[in-house]
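*Asks:* One structure, as structure tokens, below. Some questions next.
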Amino acid sequence: MTTRAKSRMHTVAAAAAALGLGCAGLLALPSTASAAGALTVQYKSGASGATADRSEPWLKVINSGNSSLQLSQVKVRYYFKADSADATYRFACSWAVKGCANITGIFGTLAHPTATADRYLEVGFTSGAGSLAPGADSGDLQLRFYQSNWQSVKQSDDYSFGAAQNSYGDWNKVTAQVGSSLEWGTAPEGNDPGGPTDPPTDPPGEGATLFDDFNYTSHSDAKLSEHGWNVRSNSGGPGVPGATWSPQNVTFSTESGNSLMNLETSSSGTGESTKQTEVLTKSMKFKNGTYAARVKFSDAPKSGPDGDHLVQTFFTINDLKAPMADDYSEYDFEYLPNGGWGESGNILYTTSWETYNPDPWQAVNQHTESRQSFTGWHDLVLTIDNSTIKYYVDGQLFGTHDATYLPERGMSINFNQWLIDLNGQTSTTARAYDEGVDYVLHVKDQVLTPAQVAARINTYRQAGTTFEDTVPAS
């Protein structure tokens with residue numbers, strides 16, 4: 001999505017040449033915006049340390065023009081230096097006079113990195129923020145952003161940071177646009193925003209989207225079905241022969257105001273005693289685009305002896321119409337906390353499938369694996385475009401798979417937890433394992449970065465939106 005941004009000065013110079021202006025005329029034209037524009041931005045640092053748990057750029061937008069200013073047309077950019085090349089960030093609004101639900105924040109990468117900036121936070125407003133009369137201001141925007149891995153951030157080398165700015169004042173190290181017109185501030189050299197070739201970003205809310213925060217009461221909540229989900233109860237694989245799929249073992253809870261789904265799988269060492277869990281979309285309408293979920297893997301059971309060959313998943317799939325059918329598709333995150341499939345310990349697989357033959361077994365796929373513990377909550381992102389499949393774990397690229405494995409038709413979105421066999425733990429003592437799910441997101445035909453995914457989730461939650469499905473039927 002990123003293209004090279006043209007220098008605003010270059011654009012001005014070209015316009016001047018077209019008008020036949022000489023050098024004196026060129027020098028009279030400004031290369032950056034000033035307070036004479038339609039707006040002014042003031043800044044205050046809410047966290048002034050050279051390093052901090054999070055950066056806190058507090059902002060105030062002032063209408064410096066002579067007519068009403070629609071805030072939904074305003075974009076403010078705060079420029080900073082990433083703490084590492086692969087660092088990802090999350091945005092949050094602590095408080096805003098206009099209401100945090102009306103404030104958006106997404107991250108972008110500069111086309112021309114400098115010593116003090118290679119990223120930016122772009123702050124915008126929804127239509128609910130309203131307008132500003134001439135001379136009026138937006139009031140406080142108390143914003144923050146932090147590393148996705150919760151490591152500290154270094155601010156002292158950030159272009160827009162002002163350690164001594166402990167009260168609001170005009171700050172030209174942030175830029176502000178009204179539409180595509182730069183109206184305030186000076187960007188890091190070579191990175192003026194605006195204009196037709198400015199690197200586009202994908203603001204939250206664009207594109208056909210499925211979002212679910214799993215805000216339900218139980219597996220029998222009518223809204224689950226209304227929202228397109230099936231809690232599996234029918235027999236069949238995968239898993240231990242004789243095992244059943246138990247809707248009663250899919251439960252919902254709220255922790256610190258956040259709704260969660262839990263999948264429990266239990267066994268007493270026999271197929272008949274094994275209860276597995278699966279939740280999947282009834283529709284196979286999902287194909288290219290971005291898939292994301294926050295999932296909690298577990299290395300140990302919540303009760304009973306450990307050791308079962310357990311599989312905890314987030315994946316997309318369609319039906320195999322015939323052995324080795326070439327229109328089959330499947331894309332998996334699969335965590336095995338106790339090994340299995342020939343592995344003896346923790347392993348996380350991401351696998352892209354072209355097809356398979358169940359008997360005799362023959363598989364055509366590409367996979368990436370990591371042999372380490374992934375216990376705890378993780379942000380999982382899968383992107384599919386017309387050339388590659390990419391898997392991300394906690395903002396880091398985990399695997400890239402080839403165009404050979406791209407999907408030919410739509411798929412369902414699934415979460416399940418099941419036992420490969422009963423060889424890992426032969427005891428007949430009852431045990432139970434949990435897999436947690438925080439949310440799921442699919443954006444049709446758009447490839448988002450993990451940071452953009454986080455921004456969308458934040459926007460939904462700030463707005464109090466728990467479910468949205470605008471993805472058309474396949």
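Here, A, B, ... name the chains of the structure tokens in the order displayed, residue numbers run from 1 inside each chain, and ligands are numbered from 1 in the same displayed order.
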Please return as a ChimeraX atom specification: the residues of stretch 177-335 of chain A that backbone DSSP assigns to strand (DSSP E).
*Replies:* /A:177-178,181-184,209-212,229-231,244-245,250-255,258-267,275-281,289-297,310-317,330-335
*Asks:* Using DSSP on the backbone coordinates, identify all residues within stretch 61-198 of chain A classified as helix (DSSP H, G or I); present the result as a CSV table (one decimal) with N, CA and C atoms, in the first residue's frame.
*Replies:*
chain,number,residue,atom,x,y,z
A,71,LEU,N,-13.8,18.5,12.1
A,71,LEU,CA,-12.7,17.8,12.6
A,71,LEU,C,-12.5,16.5,11.9
A,72,SER,N,-13.5,15.9,11.3
A,72,SER,CA,-13.4,14.6,10.5
A,72,SER,C,-12.5,14.8,9.3
A,73,GLN,N,-12.2,16.1,8.9
A,73,GLN,CA,-11.3,16.3,7.8
A,73,GLN,C,-9.8,16.5,8.3
A,100,CYS,N,-13.3,9.8,23.5
A,100,CYS,CA,-12.3,8.9,22.9
A,100,CYS,C,-12.9,8.0,21.8
A,101,ALA,N,-14.2,7.8,21.9
A,101,ALA,CA,-14.9,7.0,20.8
A,101,ALA,C,-14.8,7.8,19.5
A,102,ASN,N,-14.6,9.1,19.5
A,102,ASN,CA,-14.5,9.9,18.3
A,102,ASN,C,-13.0,10.2,17.9
A,127,SER,N,-16.9,11.5,12.5
A,127,SER,CA,-17.9,12.6,12.3
A,127,SER,C,-18.5,13.0,13.6
A,128,GLY,N,-18.5,12.1,14.6
A,128,GLY,CA,-19.1,12.4,15.9
A,128,GLY,C,-18.3,13.5,16.7
A,129,ALA,N,-17.1,13.8,16.3
A,129,ALA,CA,-16.3,14.9,16.9
A,129,ALA,C,-16.9,16.3,16.6
*Asks:* Just the residues within 6 Å of stretch 265-272 of chain A, please, counting only C-alpha atoms, with nothing from its chain fewer than 4 positions along; format it as a ChimeraX atom specification.
*Replies:* /A:240-243,276,426-433
*Asks:* Can you pull out the residues contacting A:Asn215? Cut-off 7 Å, using only C-alpha atoms, and skip same-chain residues under 2 positions away; I want them as a PyMOL selection string.
*Replies:* chain A and resi 213+259+466
*Asks:* Store the residues picked out above, limited to C-alpha atoms, as a short mmCIF file (atom, residue, chain, number, x, y, z; two decimals), in the first residue's frame.
*Replies:*
data_model
loop_
_atom_site.label_atom_id
_atom_site.label_comp_id
_atom_site.auth_asym_id
_atom_site.auth_seq_id
_atom_site.Cartn_x
_atom_site.Cartn_y
_atom_site.Cartn_z
CA ASP A 213 -15.67 -9.38 20.69
CA SER A 259 -15.55 -10.24 27.22
CA THR A 466 -19.00 -5.71 20.11
#
*Asks:* With only C-alpha atoms as the basis for distance, which of A:Phe252, A:Tyr43, A:Tyr89, A:Phe333 is at the shortest distance from A:Val453?
*Replies:*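 Answer, going by the shortest atom-to-atom distance: A:Tyr89.
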*Asks:* Considering only C-alpha atoms, return as a list in words whatever protein or nucleic-acid residues lie within 10 Å of A:Pro247, sequence-local ones (same chain, fewer than 6 positions apart) excluded.
*Replies:*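 Residues near the query, excluding close chain neighbours: Ser218, His219, Ser220, Asn230, Val231, Arg232, Ser233, Asn234, Leu263, Glu264, Lys275, Gln276, Thr277, Glu278 and Val279 of chain A.
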*Asks:* Atoms to include: N, CA and C atoms. Write the selected residues as an mmCIF file, in the first residue's frame.
*Replies:*
data_model
loop_
_atom_site.group_PDB
_atom_site.id
_atom_site.type_symbol
_atom_site.label_atom_id
_atom_site.label_comp_id
_atom_site.auth_asym_id
_atom_site.auth_seq_id
_atom_site.Cartn_x
_atom_site.Cartn_y
_atom_site.Cartn_z
ATOM 1 N N SER A 218 -23.671 -17.516 26.900
ATOM 2 C CA SER A 218 -23.435 -18.959 26.971
ATOM 3 C C SER A 218 -23.421 -19.533 25.563
ATOM 4 N N HIS A 219 -23.129 -20.833 25.459
ATOM 5 C CA HIS A 219 -23.105 -21.484 24.149
ATOM 6 C C HIS A 219 -24.486 -21.509 23.492
ATOM 7 N N SER A 220 -25.549 -21.335 24.310
ATOM 8 C CA SER A 220 -26.909 -21.359 23.783
ATOM 9 C C SER A 220 -27.479 -19.964 23.548
ATOM 10 N N ASN A 230 -21.462 -21.256 14.646
ATOM 11 C CA ASN A 230 -21.934 -22.594 14.979
ATOM 12 C C ASN A 230 -21.050 -23.159 16.079
ATOM 13 N N VAL A 231 -21.644 -23.572 17.196
ATOM 14 C CA VAL A 231 -20.906 -24.266 18.256
ATOM 15 C C VAL A 231 -21.055 -25.753 17.984
ATOM 16 N N ARG A 232 -19.989 -26.390 17.653
ATOM 17 C CA ARG A 232 -20.059 -27.745 17.101
ATOM 18 C C ARG A 232 -20.556 -28.767 18.113
ATOM 19 N N SER A 233 -21.439 -29.639 17.631
ATOM 20 C CA SER A 233 -21.930 -30.752 18.447
ATOM 21 C C SER A 233 -21.928 -32.062 17.687
ATOM 22 N N ASN A 234 -21.759 -32.004 16.359
ATOM 23 C CA ASN A 234 -21.782 -33.232 15.563
ATOM 24 C C ASN A 234 -20.498 -34.022 15.744
ATOM 25 N N LEU A 263 -12.691 -22.197 25.397
ATOM 26 C CA LEU A 263 -12.926 -23.545 24.901
ATOM 27 C C LEU A 263 -12.235 -24.526 25.842
ATOM 28 N N GLU A 264 -13.015 -25.412 26.451
ATOM 29 C CA GLU A 264 -12.446 -26.424 27.353
ATOM 30 C C GLU A 264 -12.477 -27.786 26.677
ATOM 31 N N LYS A 275 -14.037 -34.892 25.654
ATOM 32 C CA LYS A 275 -14.947 -33.850 25.184
ATOM 33 C C LYS A 275 -14.110 -32.734 24.557
ATOM 34 N N GLN A 276 -14.251 -32.540 23.252
ATOM 35 C CA GLN A 276 -13.503 -31.533 22.522
ATOM 36 C C GLN A 276 -14.423 -30.349 22.199
ATOM 37 N N THR A 277 -13.834 -29.228 21.760
ATOM 38 C CA THR A 277 -14.615 -28.022 21.508
ATOM 39 C C THR A 277 -14.227 -27.361 20.198
ATOM 40 N N GLU A 278 -15.237 -26.791 19.535
ATOM 41 C CA GLU A 278 -15.004 -26.065 18.283
ATOM 42 C C GLU A 278 -16.111 -25.036 18.077
ATOM 43 N N VAL A 279 -15.696 -23.830 17.648
ATOM 44 C CA VAL A 279 -16.609 -22.761 17.269
ATOM 45 C C VAL A 279 -16.184 -22.287 15.883
#
*Asks:* Of the residues A:Asp306, A:Asp118, A:Asp327, A:Glu226, which is the one nearest to A:Glu408, using only C-alpha atoms?
*Replies:* A:Asp327
*Asks:* Take atom CA of A:Gly307 and atom CA of A:Ile420 and report the distance between them in Å, one decimal.
*Replies:*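 Here the two named atoms are 11.8 Å from each other.
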*Asks:* If we count only C-alpha atoms, what is near A:Ala164 at a cut-off of 9 Å, once residues fewer than 4 positions away on the same chain are taken out, given as a VMD selection string?
*Replies:* chain A and resid 44 to 45 48
*Asks:* List as a list in words the protein and nucleic acid residues near A:Ala363, meaning an atom at most 9 Å away when only C-alpha atoms are counted, but skip any in the same chain fewer than 5 places from it.
*Replies:*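 That gives Met324, Trp353, Glu354, Thr355, Tyr356, Asn357 and Pro358 of chain A.
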*Asks:* Store the residues of this selection in a file with all heavy atoms, as a PDB file, in the first residue's frame.
*Replies:*
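Final output, saved to selection.pdb:
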ATOM      1  N   MET A 324      -7.338 -34.886  -2.941  1.00  0.00           N
ATOM      2  CA  MET A 324      -6.405 -34.098  -3.746  1.00  0.00           C
ATOM      3  C   MET A 324      -7.113 -33.045  -4.601  1.00  0.00           C
ATOM      4  O   MET A 324      -6.550 -32.544  -5.576  1.00  0.00           O
ATOM      5  CB  MET A 324      -5.533 -34.995  -4.627  1.00  0.00           C
ATOM      6  CG  MET A 324      -4.742 -36.049  -3.855  1.00  0.00           C
ATOM      7  SD  MET A 324      -3.642 -35.347  -2.593  1.00  0.00           S
ATOM      8  CE  MET A 324      -2.363 -34.617  -3.617  1.00  0.00           C
ATOM      9  N   TRP A 353      -2.293 -24.865   3.239  1.00  0.00           N
ATOM     10  CA  TRP A 353      -2.612 -26.115   2.557  1.00  0.00           C
ATOM     11  C   TRP A 353      -3.058 -25.866   1.124  1.00  0.00           C
ATOM     12  O   TRP A 353      -3.884 -24.981   0.867  1.00  0.00           O
ATOM     13  CB  TRP A 353      -3.734 -26.844   3.288  1.00  0.00           C
ATOM     14  CG  TRP A 353      -3.333 -27.391   4.633  1.00  0.00           C
ATOM     15  CD1 TRP A 353      -3.205 -26.704   5.801  1.00  0.00           C
ATOM     16  CD2 TRP A 353      -3.011 -28.748   4.923  1.00  0.00           C
ATOM     17  NE1 TRP A 353      -2.818 -27.547   6.816  1.00  0.00           N
ATOM     18  CE2 TRP A 353      -2.696 -28.815   6.313  1.00  0.00           C
ATOM     19  CE3 TRP A 353      -2.967 -29.912   4.165  1.00  0.00           C
ATOM     20  CZ2 TRP A 353      -2.333 -29.999   6.938  1.00  0.00           C
ATOM     21  CZ3 TRP A 353      -2.613 -31.103   4.789  1.00  0.00           C
ATOM     22  CH2 TRP A 353      -2.295 -31.142   6.153  1.00  0.00           C
ATOM     23  N   GLU A 354      -2.547 -26.698   0.211  1.00  0.00           N
ATOM     24  CA  GLU A 354      -3.057 -26.744  -1.153  1.00  0.00           C
ATOM     25  C   GLU A 354      -4.119 -27.837  -1.264  1.00  0.00           C
ATOM     26  O   GLU A 354      -5.220 -27.606  -1.743  1.00  0.00           O
ATOM     27  CB  GLU A 354      -1.910 -26.983  -2.143  1.00  0.00           C
ATOM     28  CG  GLU A 354      -2.345 -27.241  -3.576  1.00  0.00           C
ATOM     29  CD  GLU A 354      -3.098 -26.076  -4.201  1.00  0.00           C
ATOM     30  OE1 GLU A 354      -3.017 -24.948  -3.704  1.00  0.00           O
ATOM     31  OE2 GLU A 354      -3.782 -26.302  -5.217  1.00  0.00           O
ATOM     32  N   THR A 355      -3.799 -29.049  -0.767  1.00  0.00           N
ATOM     33  CA  THR A 355      -4.765 -30.141  -0.780  1.00  0.00           C
ATOM     34  C   THR A 355      -4.197 -31.323  -0.003  1.00  0.00           C
ATOM     35  O   THR A 355      -3.059 -31.266   0.497  1.00  0.00           O
ATOM     36  CB  THR A 355      -5.111 -30.560  -2.223  1.00  0.00           C
ATOM     37  OG1 THR A 355      -6.215 -31.460  -2.207  1.00  0.00           O
ATOM     38  CG2 THR A 355      -3.920 -31.208  -2.916  1.00  0.00           C
ATOM     39  N   TYR A 356      -4.999 -32.388   0.101  1.00  0.00           N
ATOM     40  CA  TYR A 356      -4.516 -33.607   0.755  1.00  0.00           C
ATOM     41  C   TYR A 356      -5.389 -34.783   0.343  1.00  0.00           C
ATOM     42  O   TYR A 356      -6.495 -34.634  -0.191  1.00  0.00           O
ATOM     43  CB  TYR A 356      -4.504 -33.454   2.266  1.00  0.00           C
ATOM     44  CG  TYR A 356      -5.874 -33.442   2.934  1.00  0.00           C
ATOM     45  CD1 TYR A 356      -6.419 -34.600   3.468  1.00  0.00           C
ATOM     46  CD2 TYR A 356      -6.604 -32.265   3.035  1.00  0.00           C
ATOM     47  CE1 TYR A 356      -7.665 -34.600   4.082  1.00  0.00           C
ATOM     48  CE2 TYR A 356      -7.842 -32.238   3.645  1.00  0.00           C
ATOM     49  CZ  TYR A 356      -8.382 -33.405   4.168  1.00  0.00           C
ATOM     50  OH  TYR A 356      -9.615 -33.396   4.767  1.00  0.00           O
ATOM     51  N   ASN A 357      -4.861 -35.974   0.608  1.00  0.00           N
ATOM     52  CA  ASN A 357      -5.583 -37.236   0.427  1.00  0.00           C
ATOM     53  C   ASN A 357      -5.661 -37.904   1.793  1.00  0.00           C
ATOM     54  O   ASN A 357      -4.621 -38.192   2.390  1.00  0.00           O
ATOM     55  CB  ASN A 357      -4.840 -38.142  -0.558  1.00  0.00           C
ATOM     56  CG  ASN A 357      -5.617 -39.404  -0.898  1.00  0.00           C
ATOM     57  OD1 ASN A 357      -6.685 -39.653  -0.347  1.00  0.00           O
ATOM     58  ND2 ASN A 357      -5.073 -40.204  -1.812  1.00  0.00           N
ATOM     59  N   PRO A 358      -6.853 -38.138   2.333  1.00  0.00           N
ATOM     60  CA  PRO A 358      -6.938 -38.703   3.680  1.00  0.00           C
ATOM     61  C   PRO A 358      -6.515 -40.159   3.771  1.00  0.00           C
ATOM     62  O   PRO A 358      -6.062 -40.600   4.830  1.00  0.00           O
ATOM     63  CB  PRO A 358      -8.421 -38.523   4.037  1.00  0.00           C
ATOM     64  CG  PRO A 358      -9.136 -38.417   2.734  1.00  0.00           C
ATOM     65  CD  PRO A 358      -8.176 -37.789   1.785  1.00  0.00           C
TER      66      PRO A 358
END
*Asks:* What is the distance, in Å and to one decimal place, between atom CA of A:Ala463 and atom CA of A:Gly207?
*Replies:*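 About the pair atom CA of A:Ala463 and atom CA of A:Gly207: they are 17.5 Å apart.
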*Asks:* May I ask for the distance between atom CA of A:Lys390 and atom CA of A:Ala293, given in Å to one decimal place?
*Replies:*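 Pair atom CA of A:Lys390 / atom CA of A:Ala293 returns 14.5 Å.
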*Asks:* Can you work out which one of A:Tyr335, A:Tyr291, A:Tyr439, A:Trp377 has the shortest atom-to-atom distance to A:Tyr392, counting only C-alpha atoms?
*Replies:* A:Tyr291
